[in-house]
file protein_4.cif (mmCIF, C-alpha atoms (C1' of nucleotides))
data_work
loop_
_atom_site.group_PDB
_atom_site.id
_atom_site.type_symbol
_atom_site.label_atom_id
_atom_site.label_comp_id
_atom_site.auth_asym_id
_atom_site.auth_seq_id
_atom_site.Cartn_x
_atom_site.Cartn_y
_atom_site.Cartn_z
ATOM 1 C CA MET A 22 -0.549 0.123 15.241
ATOM 2 C CA PRO A 23 -1.594 1.499 11.908
ATOM 3 C CA GLU A 24 0.067 2.287 8.653
ATOM 4 C CA LEU A 25 -1.577 1.654 5.317
ATOM 5 C CA PRO A 26 -1.635 -2.169 5.576
ATOM 6 C CA GLU A 27 -3.279 -2.192 8.993
ATOM 7 C CA VAL A 28 -5.772 0.493 8.005
ATOM 8 C CA GLU A 29 -6.549 -1.531 4.903
ATOM 9 C CA ALA A 30 -7.159 -4.599 7.065
ATOM 10 C CA VAL A 31 -9.478 -2.568 9.293
ATOM 11 C CA CYS A 32 -11.434 -1.390 6.255
ATOM 12 C CA ARG A 33 -11.834 -4.874 4.829
ATOM 13 C CA ASN A 34 -13.065 -6.049 8.169
ATOM 14 C CA LEU A 35 -15.590 -3.224 8.331
ATOM 15 C CA ARG A 36 -16.826 -3.950 4.831
ATOM 16 C CA LYS A 37 -17.601 -7.440 6.013
ATOM 17 C CA HIS A 38 -19.247 -6.547 9.305
ATOM 18 C CA ALA A 39 -20.406 -2.943 9.326
ATOM 19 C CA VAL A 40 -21.721 -2.180 5.856
ATOM 20 C CA GLY A 41 -25.499 -2.257 5.841
ATOM 21 C CA ALA A 42 -25.806 -1.701 9.566
ATOM 22 C CA THR A 43 -28.119 1.015 10.830
ATOM 23 C CA ILE A 44 -26.738 3.364 13.454
ATOM 24 C CA SER A 45 -29.056 4.099 16.335
ATOM 25 C CA SER A 46 -26.671 6.292 18.294
ATOM 26 C CA LEU A 47 -23.151 7.679 18.350
ATOM 27 C CA HIS A 48 -21.300 8.207 21.604
ATOM 28 C CA ILE A 49 -18.220 10.376 21.777
ATOM 29 C CA GLU A 50 -16.419 9.350 24.953
ATOM 30 C CA ARG A 51 -13.457 11.649 24.400
ATOM 31 C CA PRO A 52 -14.640 14.983 23.060
ATOM 32 C CA ARG A 53 -11.150 15.901 21.977
ATOM 33 C CA ILE A 54 -11.192 13.408 19.112
ATOM 34 C CA THR A 55 -13.477 15.679 17.094
ATOM 35 C CA GLY A 56 -10.761 18.310 17.132
ATOM 36 C CA ALA A 57 -12.099 20.301 20.091
ATOM 37 C CA ASN A 58 -14.526 21.685 17.579
ATOM 38 C CA VAL A 59 -17.842 22.327 19.283
ATOM 39 C CA GLU A 60 -19.749 22.374 16.031
ATOM 40 C CA GLN A 61 -18.285 19.021 15.110
ATOM 41 C CA ALA A 62 -19.101 17.528 18.466
ATOM 42 C CA LEU A 63 -22.678 18.769 18.220
ATOM 43 C CA ALA A 64 -23.049 17.538 14.675
ATOM 44 C CA CYS A 65 -21.775 14.130 15.695
ATOM 45 C CA SER A 66 -24.039 13.825 18.683
ATOM 46 C CA SER A 67 -27.085 14.961 16.741
ATOM 47 C CA LEU A 68 -26.223 12.732 13.812
ATOM 48 C CA THR A 69 -28.620 10.011 14.794
ATOM 49 C CA LYS A 70 -31.310 12.110 16.440
ATOM 50 C CA LEU A 71 -33.123 12.953 13.238
ATOM 51 C CA ASP A 72 -32.591 10.010 10.968
ATOM 52 C CA SER A 73 -31.246 6.504 11.238
ATOM 53 C CA PRO A 74 -28.289 6.465 8.913
ATOM 54 C CA THR A 75 -27.068 3.200 7.509
ATOM 55 C CA ILE A 76 -23.471 2.561 6.566
ATOM 56 C CA SER A 77 -23.415 2.424 2.792
ATOM 57 C CA HIS A 78 -19.750 1.828 2.080
ATOM 58 C CA ILE A 79 -16.231 2.130 3.436
ATOM 59 C CA ASP A 80 -13.278 3.779 1.722
ATOM 60 C CA ARG A 81 -9.652 4.211 2.612
ATOM 61 C CA ARG A 82 -7.479 7.135 1.533
ATOM 62 C CA GLY A 83 -3.958 6.760 2.865
ATOM 63 C CA LYS A 84 -4.462 6.185 6.558
ATOM 64 C CA ASN A 85 -7.908 7.791 6.574
ATOM 65 C CA ILE A 86 -10.950 5.588 7.039
ATOM 66 C CA LEU A 87 -14.080 6.933 5.379
ATOM 67 C CA ILE A 88 -17.432 5.659 6.532
ATOM 68 C CA HIS A 89 -20.067 6.770 4.062
ATOM 69 C CA LEU A 90 -23.609 7.062 5.341
ATOM 70 C CA SER A 91 -26.966 6.877 3.636
ATOM 71 C CA THR A 92 -27.436 10.523 4.635
ATOM 72 C CA SER A 93 -24.630 11.368 2.178
ATOM 73 C CA GLN A 94 -22.492 12.439 5.083
ATOM 74 C CA THR A 95 -19.126 10.842 5.674
ATOM 75 C CA ILE A 96 -17.390 9.996 8.905
ATOM 76 C CA ARG A 97 -13.651 10.247 8.705
ATOM 77 C CA ILE A 98 -11.626 8.335 11.248
ATOM 78 C CA HIS A 99 -7.882 8.508 11.661
ATOM 79 C CA LEU A 100 -6.383 5.914 13.983
ATOM 80 C CA ARG A 101 -3.090 7.731 14.526
ATOM 81 C CA MET A 102 -0.759 5.720 16.757
ATOM 82 C CA THR A 103 -2.900 3.371 18.804
ATOM 83 C CA GLY A 104 -6.375 3.431 17.323
ATOM 84 C CA ASN A 105 -8.399 0.433 16.268
ATOM 85 C CA LEU A 106 -11.861 0.128 14.807
ATOM 86 C CA TYR A 107 -14.037 -2.972 14.768
ATOM 87 C CA VAL A 108 -17.496 -4.362 15.327
ATOM 88 C CA ILE A 109 -18.386 -6.183 18.532
ATOM 89 C CA PRO A 110 -21.438 -8.430 18.909
ATOM 90 C CA ASP A 111 -22.883 -6.628 21.934
ATOM 91 C CA TYR A 112 -22.587 -2.921 22.650
ATOM 92 C CA ARG A 113 -22.561 -3.554 26.396
ATOM 93 C CA PHE A 114 -19.165 -5.220 26.271
ATOM 94 C CA ARG A 115 -17.111 -2.346 25.035
ATOM 95 C CA PRO A 116 -13.387 -2.421 25.687
ATOM 96 C CA ALA A 117 -11.522 -0.029 27.892
ATOM 97 C CA ALA A 118 -10.186 3.084 26.208
ATOM 98 C CA THR A 119 -13.120 3.413 23.848
ATOM 99 C CA SER A 120 -12.868 6.861 22.273
ATOM 100 C CA ALA A 121 -16.214 6.594 20.516
ATOM 101 C CA TRP A 122 -18.761 3.963 19.584
ATOM 102 C CA PHE A 123 -21.754 3.547 17.334
ATOM 103 C CA GLU A 124 -24.650 1.489 18.526
ATOM 104 C CA PHE A 125 -26.365 -0.479 15.791
ATOM 105 C CA THR A 126 -30.079 -1.205 15.795
ATOM 106 C CA ASP A 127 -29.338 -4.922 16.134
ATOM 107 C CA GLY A 128 -27.404 -4.469 19.373
ATOM 108 C CA ARG A 129 -23.942 -4.708 17.906
ATOM 109 C CA ALA A 130 -21.522 -1.813 18.084
ATOM 110 C CA LEU A 131 -18.761 -0.293 16.041
ATOM 111 C CA VAL A 132 -16.017 0.585 18.480
ATOM 112 C CA PHE A 133 -13.252 3.131 18.049
ATOM 113 C CA GLN A 134 -10.743 1.987 20.601
ATOM 114 C CA ASP A 135 -7.672 4.104 21.192
ATOM 115 C CA THR A 136 -5.380 3.858 24.197
ATOM 116 C CA ARG A 137 -3.598 7.129 23.699
ATOM 117 C CA GLY A 138 -6.589 8.985 22.385
ATOM 118 C CA LEU A 139 -4.714 10.694 19.588
ATOM 119 C CA GLY A 140 -7.030 9.402 16.892
ATOM 120 C CA THR A 141 -9.713 11.598 15.368
ATOM 121 C CA LEU A 142 -13.321 11.265 14.289
ATOM 122 C CA THR A 143 -15.020 13.973 12.247
ATOM 123 C CA LEU A 144 -18.210 14.324 10.290
ATOM 124 C CA HIS A 145 -18.232 15.822 6.790
ATOM 125 C CA SER A 146 -20.331 16.576 3.783
ATOM 126 C CA ALA A 147 -19.226 15.107 0.461
ATOM 127 C CA ASP A 148 -17.706 18.447 -0.563
ATOM 128 C CA GLU A 149 -15.779 18.818 2.641
ATOM 129 C CA ILE A 150 -14.303 15.368 2.455
ATOM 130 C CA GLU A 151 -13.047 15.973 -1.040
ATOM 131 C CA LYS A 152 -11.354 19.189 -0.021
ATOM 132 C CA LEU A 153 -9.915 17.559 3.037
ATOM 133 C CA LEU A 154 -8.347 14.710 1.093
ATOM 134 C CA ALA A 155 -7.144 16.769 -1.841
ATOM 135 C CA LYS A 156 -3.749 17.093 -0.179
ATOM 136 C CA VAL A 157 -3.283 13.386 0.281
ATOM 137 C CA GLY A 158 -0.834 11.969 -2.231
ATOM 138 C CA PRO A 159 -1.204 9.022 -4.607
ATOM 139 C CA GLU A 160 -2.266 5.625 -3.333
ATOM 140 C CA PRO A 161 0.807 3.417 -3.561
ATOM 141 C CA LEU A 162 -1.258 0.339 -4.399
ATOM 142 C CA SER A 163 -3.224 2.055 -7.130
ATOM 143 C CA ARG A 164 -2.572 1.982 -10.835
ATOM 144 C CA GLN A 165 -1.669 5.653 -10.950
ATOM 145 C CA PHE A 166 1.323 5.103 -8.691
ATOM 146 C CA THR A 167 3.736 4.262 -11.464
ATOM 147 C CA ALA A 168 7.508 4.249 -11.239
ATOM 148 C CA GLU A 169 7.614 7.191 -13.616
ATOM 149 C CA ALA A 170 5.166 9.255 -11.575
ATOM 150 C CA PHE A 171 7.113 8.441 -8.427
ATOM 151 C CA ILE A 172 10.450 9.393 -9.967
ATOM 152 C CA GLU A 173 8.931 12.576 -11.314
ATOM 153 C CA SER A 174 7.577 13.519 -7.880
ATOM 154 C CA ALA A 175 11.073 13.178 -6.404
ATOM 155 C CA LYS A 176 12.773 15.457 -8.911
ATOM 156 C CA GLY A 177 14.607 18.347 -7.339
ATOM 157 C CA VAL A 178 13.180 17.649 -3.873
ATOM 158 C CA ARG A 179 15.620 18.276 -1.032
ATOM 159 C CA GLN A 180 13.705 16.326 1.617
ATOM 160 C CA PRO A 181 15.631 13.398 3.102
ATOM 161 C CA ALA A 182 14.397 10.152 1.568
ATOM 162 C CA LYS A 183 12.760 8.916 4.778
ATOM 163 C CA ILE A 184 10.965 12.196 5.391
ATOM 164 C CA PHE A 185 9.780 12.186 1.789
ATOM 165 C CA LEU A 186 8.290 8.717 2.101
ATOM 166 C CA MET A 187 6.466 9.588 5.293
ATOM 167 C CA ASP A 188 5.078 12.810 3.876
ATOM 168 C CA GLN A 189 1.447 11.948 3.187
ATOM 169 C CA ARG A 190 1.309 14.474 0.347
ATOM 170 C CA ARG A 191 3.987 12.526 -1.537
ATOM 171 C CA VAL A 192 2.823 8.976 -0.991
ATOM 172 C CA ALA A 193 -0.313 8.119 0.951
ATOM 173 C CA GLY A 194 -0.148 5.676 3.802
ATOM 174 C CA LEU A 195 3.520 4.950 4.437
ATOM 175 C CA GLY A 196 4.626 5.303 8.040
ATOM 176 C CA ASN A 197 7.685 4.813 10.165
ATOM 177 C CA ILE A 198 8.067 1.068 9.744
ATOM 178 C CA TYR A 199 7.411 0.539 6.068
ATOM 179 C CA ALA A 200 9.298 3.683 5.045
ATOM 180 C CA ALA A 201 12.381 2.314 6.785
ATOM 181 C CA GLU A 202 11.869 -1.147 5.345
ATOM 182 C CA ALA A 203 11.433 0.135 1.797
ATOM 183 C CA LEU A 204 14.607 2.217 2.042
ATOM 184 C CA PHE A 205 16.534 -0.782 3.274
ATOM 185 C CA ALA A 206 15.238 -2.965 0.465
ATOM 186 C CA ALA A 207 16.265 -0.322 -2.080
ATOM 187 C CA ARG A 208 19.626 0.256 -0.331
ATOM 188 C CA ILE A 209 19.083 3.990 0.073
ATOM 189 C CA ASN A 210 20.442 6.065 2.934
ATOM 190 C CA PRO A 211 17.441 7.570 4.746
ATOM 191 C CA ARG A 212 19.218 10.938 5.095
ATOM 192 C CA LYS A 213 19.952 11.359 1.424
ATOM 193 C CA PRO A 214 17.860 14.042 -0.269
ATOM 194 C CA ILE A 215 15.359 12.163 -2.405
ATOM 195 C CA GLY A 216 16.166 14.376 -5.376
ATOM 196 C CA ASP A 217 19.769 13.147 -5.275
ATOM 197 C CA VAL A 218 18.879 9.464 -5.391
ATOM 198 C CA SER A 219 19.764 7.837 -8.706
ATOM 199 C CA ARG A 220 17.082 6.825 -11.126
ATOM 200 C CA PRO A 221 17.731 3.065 -10.782
ATOM 201 C CA LYS A 222 17.539 3.348 -7.012
ATOM 202 C CA LEU A 223 14.276 5.276 -7.206
ATOM 203 C CA LYS A 224 12.962 2.553 -9.420
ATOM 204 C CA ALA A 225 14.058 -0.030 -6.866
ATOM 205 C CA LEU A 226 12.435 2.029 -4.133
ATOM 206 C CA HIS A 227 9.167 2.167 -6.010
ATOM 207 C CA ALA A 228 9.234 -1.604 -6.466
ATOM 208 C CA ALA A 229 10.148 -2.106 -2.813
ATOM 209 C CA ILE A 230 7.205 0.015 -1.661
ATOM 210 C CA LEU A 231 4.817 -2.127 -3.677
ATOM 211 C CA ALA A 232 6.317 -5.424 -2.589
ATOM 212 C CA ILE A 233 6.470 -4.499 1.076
ATOM 213 C CA LEU A 234 2.980 -3.067 1.206
ATOM 214 C CA HIS A 235 1.463 -6.046 -0.576
ATOM 215 C CA ASP A 236 3.193 -8.370 1.818
ATOM 216 C CA ALA A 237 2.228 -6.298 4.848
ATOM 217 C CA VAL A 238 -1.415 -6.100 3.796
ATOM 218 C CA LYS A 239 -1.464 -9.881 3.687
ATOM 219 C CA SER A 240 0.013 -10.109 7.173
ATOM 220 C CA ALA A 241 -2.322 -7.465 8.532
ATOM 221 C CA VAL A 242 -5.409 -9.106 7.089
ATOM 222 C CA ARG A 243 -4.315 -12.399 8.579
ATOM 223 C CA ALA A 244 -3.669 -10.794 11.960
ATOM 224 C CA TYR A 245 -7.070 -9.167 11.850
ATOM 225 C CA SER A 246 -9.061 -12.213 10.901
ATOM 226 C CA ALA A 247 -7.949 -13.936 14.088
ATOM 227 C CA PRO A 248 -10.729 -13.966 16.654
ATOM 228 C CA GLY A 249 -10.765 -11.018 19.013
ATOM 229 C CA ALA A 250 -8.857 -7.823 18.606
ATOM 230 C CA PHE A 251 -5.988 -7.005 16.329
ATOM 231 C CA ARG A 252 -2.904 -9.080 16.929
ATOM 232 C CA GLU A 253 0.133 -6.954 16.470
ATOM 233 C CA GLY A 254 2.218 -8.249 13.679
ATOM 234 C CA GLU A 255 5.104 -10.313 14.758
ATOM 235 C CA ASP A 256 4.340 -12.082 11.541
ATOM 236 C CA PHE A 257 5.602 -9.191 9.441
ATOM 237 C CA ALA A 258 9.336 -9.638 9.784
ATOM 238 C CA THR A 259 11.265 -6.376 9.753
ATOM 239 C CA ALA A 260 14.753 -6.177 8.335
ATOM 240 C CA VAL A 261 15.777 -2.980 10.114
ATOM 241 C CA TYR A 262 12.887 -1.427 12.025
ATOM 242 C CA GLY A 263 13.242 -1.861 15.772
ATOM 243 C CA ARG A 264 16.526 -3.716 15.344
ATOM 244 C CA GLU A 265 19.021 -1.177 16.662
ATOM 245 C CA ALA A 266 22.334 -2.805 17.607
ATOM 246 C CA GLU A 267 21.319 -6.080 15.980
ATOM 247 C CA ARG A 268 23.024 -7.468 12.903
ATOM 248 C CA CYS A 269 22.006 -6.787 9.342
ATOM 249 C CA HIS A 270 20.796 -9.993 7.708
ATOM 250 C CA VAL A 271 22.543 -9.065 4.481
ATOM 251 C CA CYS A 272 25.987 -7.785 5.494
ATOM 252 C CA ASN A 273 26.184 -8.490 9.217
ATOM 253 C CA SER A 274 26.804 -4.806 10.088
ATOM 254 C CA VAL A 275 25.221 -3.317 13.185
ATOM 255 C CA ILE A 276 21.855 -1.652 12.538
ATOM 256 C CA ARG A 277 21.721 1.992 13.600
ATOM 257 C CA ARG A 278 19.010 4.199 14.941
ATOM 258 C CA ILE A 279 18.954 7.925 14.159
ATOM 259 C CA THR A 280 16.313 10.615 14.593
ATOM 260 C CA GLN A 281 14.588 12.280 11.674
ATOM 261 C CA GLY A 282 11.666 14.617 12.009
ATOM 262 C CA GLY A 283 11.347 13.610 15.629
ATOM 263 C CA ARG A 284 10.968 9.922 14.781
ATOM 264 C CA SER A 285 13.362 7.017 14.951
ATOM 265 C CA THR A 286 14.872 5.801 11.709
ATOM 266 C CA TYR A 287 16.556 2.419 11.588
ATOM 267 C CA TYR A 288 18.984 1.556 8.829
ATOM 268 C CA CYS A 289 22.033 -0.436 7.887
ATOM 269 C CA PRO A 290 25.016 1.916 7.507
ATOM 270 C CA ARG A 291 26.730 -0.440 5.096
ATOM 271 C CA CYS A 292 23.875 -1.521 2.829
ATOM 272 C CA GLN A 293 22.374 1.963 2.727
ATOM 273 C CA ARG A 294 25.065 4.396 1.624
ATOM 274 C "C1'" DT B 18 13.789 22.020 10.071
ATOM 275 C "C1'" DC B 19 13.483 21.538 14.875
ATOM 276 C "C1'" DG B 20 10.791 21.028 18.957
ATOM 277 C "C1'" DA B 21 6.571 20.924 21.440
ATOM 278 C "C1'" DT B 22 2.117 19.050 21.659
ATOM 279 C "C1'" DC B 23 -1.937 15.994 21.875
ATOM 280 C "C1'" DC B 24 -2.344 11.226 25.378
ATOM 281 C "C1'" DT B 25 -1.316 6.660 27.842
ATOM 282 C "C1'" DG B 26 1.335 2.520 28.424
ATOM 283 C "C1'" DT B 27 5.456 -0.047 28.762
ATOM 284 C "C1'" DA B 28 10.347 -1.135 28.947
ATOM 285 C "C1'" DG B 29 14.705 -0.190 30.932
ATOM 286 C "C1'" DC C 18 12.617 8.028 37.079
ATOM 287 C "C1'" DT C 19 13.441 8.602 31.625
ATOM 288 C "C1'" DA C 20 12.858 7.247 26.930
ATOM 289 C "C1'" DC C 21 10.128 5.774 23.521
ATOM 290 C "C1'" DA C 22 5.931 4.428 20.904
ATOM 291 C "C1'" DG C 23 3.463 1.893 13.435
ATOM 292 C "C1'" DG C 24 0.924 10.001 13.545
ATOM 293 C "C1'" DA C 25 0.155 14.629 12.373
ATOM 294 C "C1'" DT C 26 0.053 19.571 13.244
ATOM 295 C "C1'" DC C 27 1.612 23.902 14.718
ATOM 296 C "C1'" DG C 28 4.606 27.806 15.773
ATOM 297 C "C1'" DA C 29 9.323 29.606 16.357
#

call {"tool": "encode", "arguments": {"input": "protein_4.cif", "output": "structure tokens"}}
result
Amino acid sequence: MPELPEVEAVCRNLRKHAVGATISSLHIERPRITGANVEQALACSSLTKLDSPTISHIDRRGKNILIHLSTSQTIRIHLRMTGNLYVIPDYRFRPAATSAWFEFTDGRALVFQDTRGLGTLTLHSADEIEKLLAKVGPEPLSRQFTAEAFIESAKGVRQPAKIFLMDQRRVAGLGNIYAAEALFAARINPRKPIGDVSRPKLKALHAAILAILHDAVKSAVRAYSAPGAFREGEDFATAVYGREAERCHVCNSVIRRITQGGRSTYYCPRCQR
DNA sequence: TCGATCCTGTAG
DNA sequence: CTACAGGATCGA
């Protein structure tokens, strides 16, 4: 489910429903999500034994969700492939495949639901969190993500364009879908080393990233505000992703699927030379 | 840079 | 049954 737009939607939802809540207990249902780190698991389980932390604010860095507590500790949650995070009105009605959940003092619960269980939940001090996120690249929807900075970051880099976009140290938050969509919009071959892409095309790519993410955030927020759980976005129309063997809307060529870095890449062989 | 790995569900 | 899934990390 989640790339930057979906994680952003999750965060906005949490800001509405979880900020200000007091946590009475934290339950780790799948110990592995803390990284098989015994210390971490213990710290998490003892989190609420001593004090009753309240959720002070929520941040997002790339695909990382940061839940800041009144204790000055921060919970970092990464949804990976199938995670979701939301508040339910009654802790007793937790969904299946709950990896972890926080009980609030008012009876509600913050649920970390994750079918595949690949998502992670870890507890950090302010210092730790800063160190941890130092490697994460610029936020594509922030002011510092300028076309010039983006072009500069691509200079001399031999990584294929698609791999570059998905590298969280280069740009924070892009994943398999929106990387492919941005490359299509900018008419760039996903295999081409990013350092070999022309300046105008890099500029187009930068613009495409912004446009696509803005659009996708809108869709994701809409999907999330529907009652119940997240509705997976049929409302974000993809031009190439998941459309192998279908026709390109622009040139009518057959969309291809190739493998890069162990993931599927979809592209139009004619539009994206 | 490739492949395996962590998991479970679903489509073919 | 196999392949694949909107992610990230690790070792060869």

call {"tool": "closest_atom_pairs", "arguments": {"input": "protein_4.cif", "of": "chain A", "to": "chain C", "cutoff": "12 Å", "atoms": "all atoms listed in the file", "output": "CSV"}}
result
residue,atom,partner,partner_atom,distance
A:Met22,CA,C:DG23,C1',4.7
A:Pro23,CA,C:DG23,C1',5.3
A:Glu24,CA,C:DG23,C1',5.9
A:Leu25,CA,C:DG23,C1',9.6
A:Pro26,CA,C:DG23,C1',10.2
A:Glu27,CA,C:DG23,C1',9.0
A:Val28,CA,C:DG23,C1',10.8
A:Gly56,CA,C:DT26,C1',11.6
A:Lys84,CA,C:DG24,C1',9.6
A:Asn85,CA,C:DG24,C1',11.5
A:His99,CA,C:DG24,C1',9.1
A:Leu100,CA,C:DG24,C1',8.4
A:Arg101,CA,C:DG24,C1',4.7
A:Met102,CA,C:DG24,C1',5.6
A:Thr103,CA,C:DG23,C1',8.5
A:Gly104,CA,C:DG24,C1',10.5
A:Thr136,CA,C:DA22,C1',11.8
A:Arg137,CA,C:DA22,C1',10.3
A:Gly138,CA,C:DG24,C1',11.6
A:Leu139,CA,C:DG24,C1',8.3
A:Gly140,CA,C:DG24,C1',8.7
A:Thr141,CA,C:DA25,C1',10.7
A:Met187,CA,C:DG24,C1',9.9
A:Asp188,CA,C:DA25,C1',10.0
A:Gln189,CA,C:DA25,C1',9.7
A:Gly194,CA,C:DG24,C1',10.7
A:Leu195,CA,C:DG23,C1',9.5
A:Gly196,CA,C:DG23,C1',6.5
A:Asn197,CA,C:DG23,C1',6.1
A:Ile198,CA,C:DG23,C1',6.0
A:Tyr199,CA,C:DG23,C1',8.5
A:Ala200,CA,C:DG23,C1',10.4
A:Ala201,CA,C:DG23,C1',11.1
A:Ala237,CA,C:DG23,C1',11.9
A:Glu253,CA,C:DG23,C1',9.9
A:Gly254,CA,C:DG23,C1',10.2
A:Phe257,CA,C:DG23,C1',12.0
A:Thr259,CA,C:DG23,C1',12.0
A:Tyr262,CA,C:DG23,C1',10.1
A:Gly263,CA,C:DG23,C1',10.7
A:Thr280,CA,C:DC21,C1',11.9
A:Gly282,CA,C:DA25,C1',11.5
A:Gly283,CA,C:DC21,C1',11.2
A:Arg284,CA,C:DA22,C1',9.6
A:Ser285,CA,C:DC21,C1',9.2

call {"tool": "atom_distance", "arguments": {"input": "protein_4.cif", "atom1": "CA of Phe205 in chain A", "atom2": "CA of Cys289 in chain A"}}
result
7.2 Å

call {"tool": "closest_residue", "arguments": {"input": "protein_4.cif", "among": "A:Leu142, A:Ile54, A:Cys272, A:Val157", "to": "chain B", "atoms": "all atoms listed in the file"}}
result
A:Ile54

call {"tool": "resolve_selection", "arguments": {"input": "protein_4.cif", "expression": "the PyMOL selection byres ((chain B) within 10 of (chain A))", "output": "PyMOL selection string"}}
result
chain B and resi 18-20+23-26

call {"tool": "write_last_selection", "arguments": {"input": "protein_4.cif", "atoms": "C-alpha atoms (C1' of nucleotides)", "output": "compact mmCIF listing (two decimals), in the coordinates of the input"}}
result
# COMPACT_ATOMS: atom_id res chain seq x y z
C1' DT B 18 13.79 22.02 10.07
C1' DC B 19 13.48 21.54 14.88
C1' DG B 20 10.79 21.03 18.96
C1' DC B 23 -1.94 15.99 21.88
C1' DC B 24 -2.34 11.23 25.38
C1' DT B 25 -1.32 6.66 27.84
C1' DG B 26 1.34 2.52 28.42

call {"tool": "resolve_selection", "arguments": {"input": "protein_4.cif", "expression": "the PyMOL selection byres ((chain A and resi 120) around 7)", "output": "PDB file with C-alpha atoms, in the frame of the given file"}}
result
ATOM      1  CA  ILE A  49     -18.220  10.376  21.777  1.00  0.00           C
ATOM      2  CA  GLU A  50     -16.419   9.350  24.953  1.00  0.00           C
ATOM      3  CA  ARG A  51     -13.457  11.649  24.400  1.00  0.00           C
ATOM      4  CA  ALA A 118     -10.186   3.084  26.208  1.00  0.00           C
ATOM      5  CA  THR A 119     -13.120   3.413  23.848  1.00  0.00           C
ATOM      6  CA  ALA A 121     -16.214   6.594  20.516  1.00  0.00           C
ATOM      7  CA  PHE A 133     -13.252   3.131  18.049  1.00  0.00           C
ATOM      8  CA  GLN A 134     -10.743   1.987  20.601  1.00  0.00           C
ATOM      9  CA  ASP A 135      -7.672   4.104  21.192  1.00  0.00           C
ATOM     10  CA  GLY A 138      -6.589   8.985  22.385  1.00  0.00           C
TER      11      GLY A 138
END

call {"tool": "resolve_selection", "arguments": {"input": "protein_4.cif", "expression": "the PyMOL selection byres ((chain A and resi 211) around 7)", "output": "PyMOL selection string"}}
result
chain A and resi 181-183+204+209-210+212-213

call {"tool": "atom_distance", "arguments": {"input": "protein_4.cif", "atom1": "CA of Pro161 in chain A", "atom2": "CA of Lys224 in chain A"}}
result
13.5 Å

call {"tool": "closest_residue", "arguments": {"input": "protein_4.cif", "among": "A:Arg190, A:Arg113, A:Lys239, A:Lys176", "to": "Ile215 in chain A", "atoms": "only C-alpha atoms"}}
result
A:Lys176
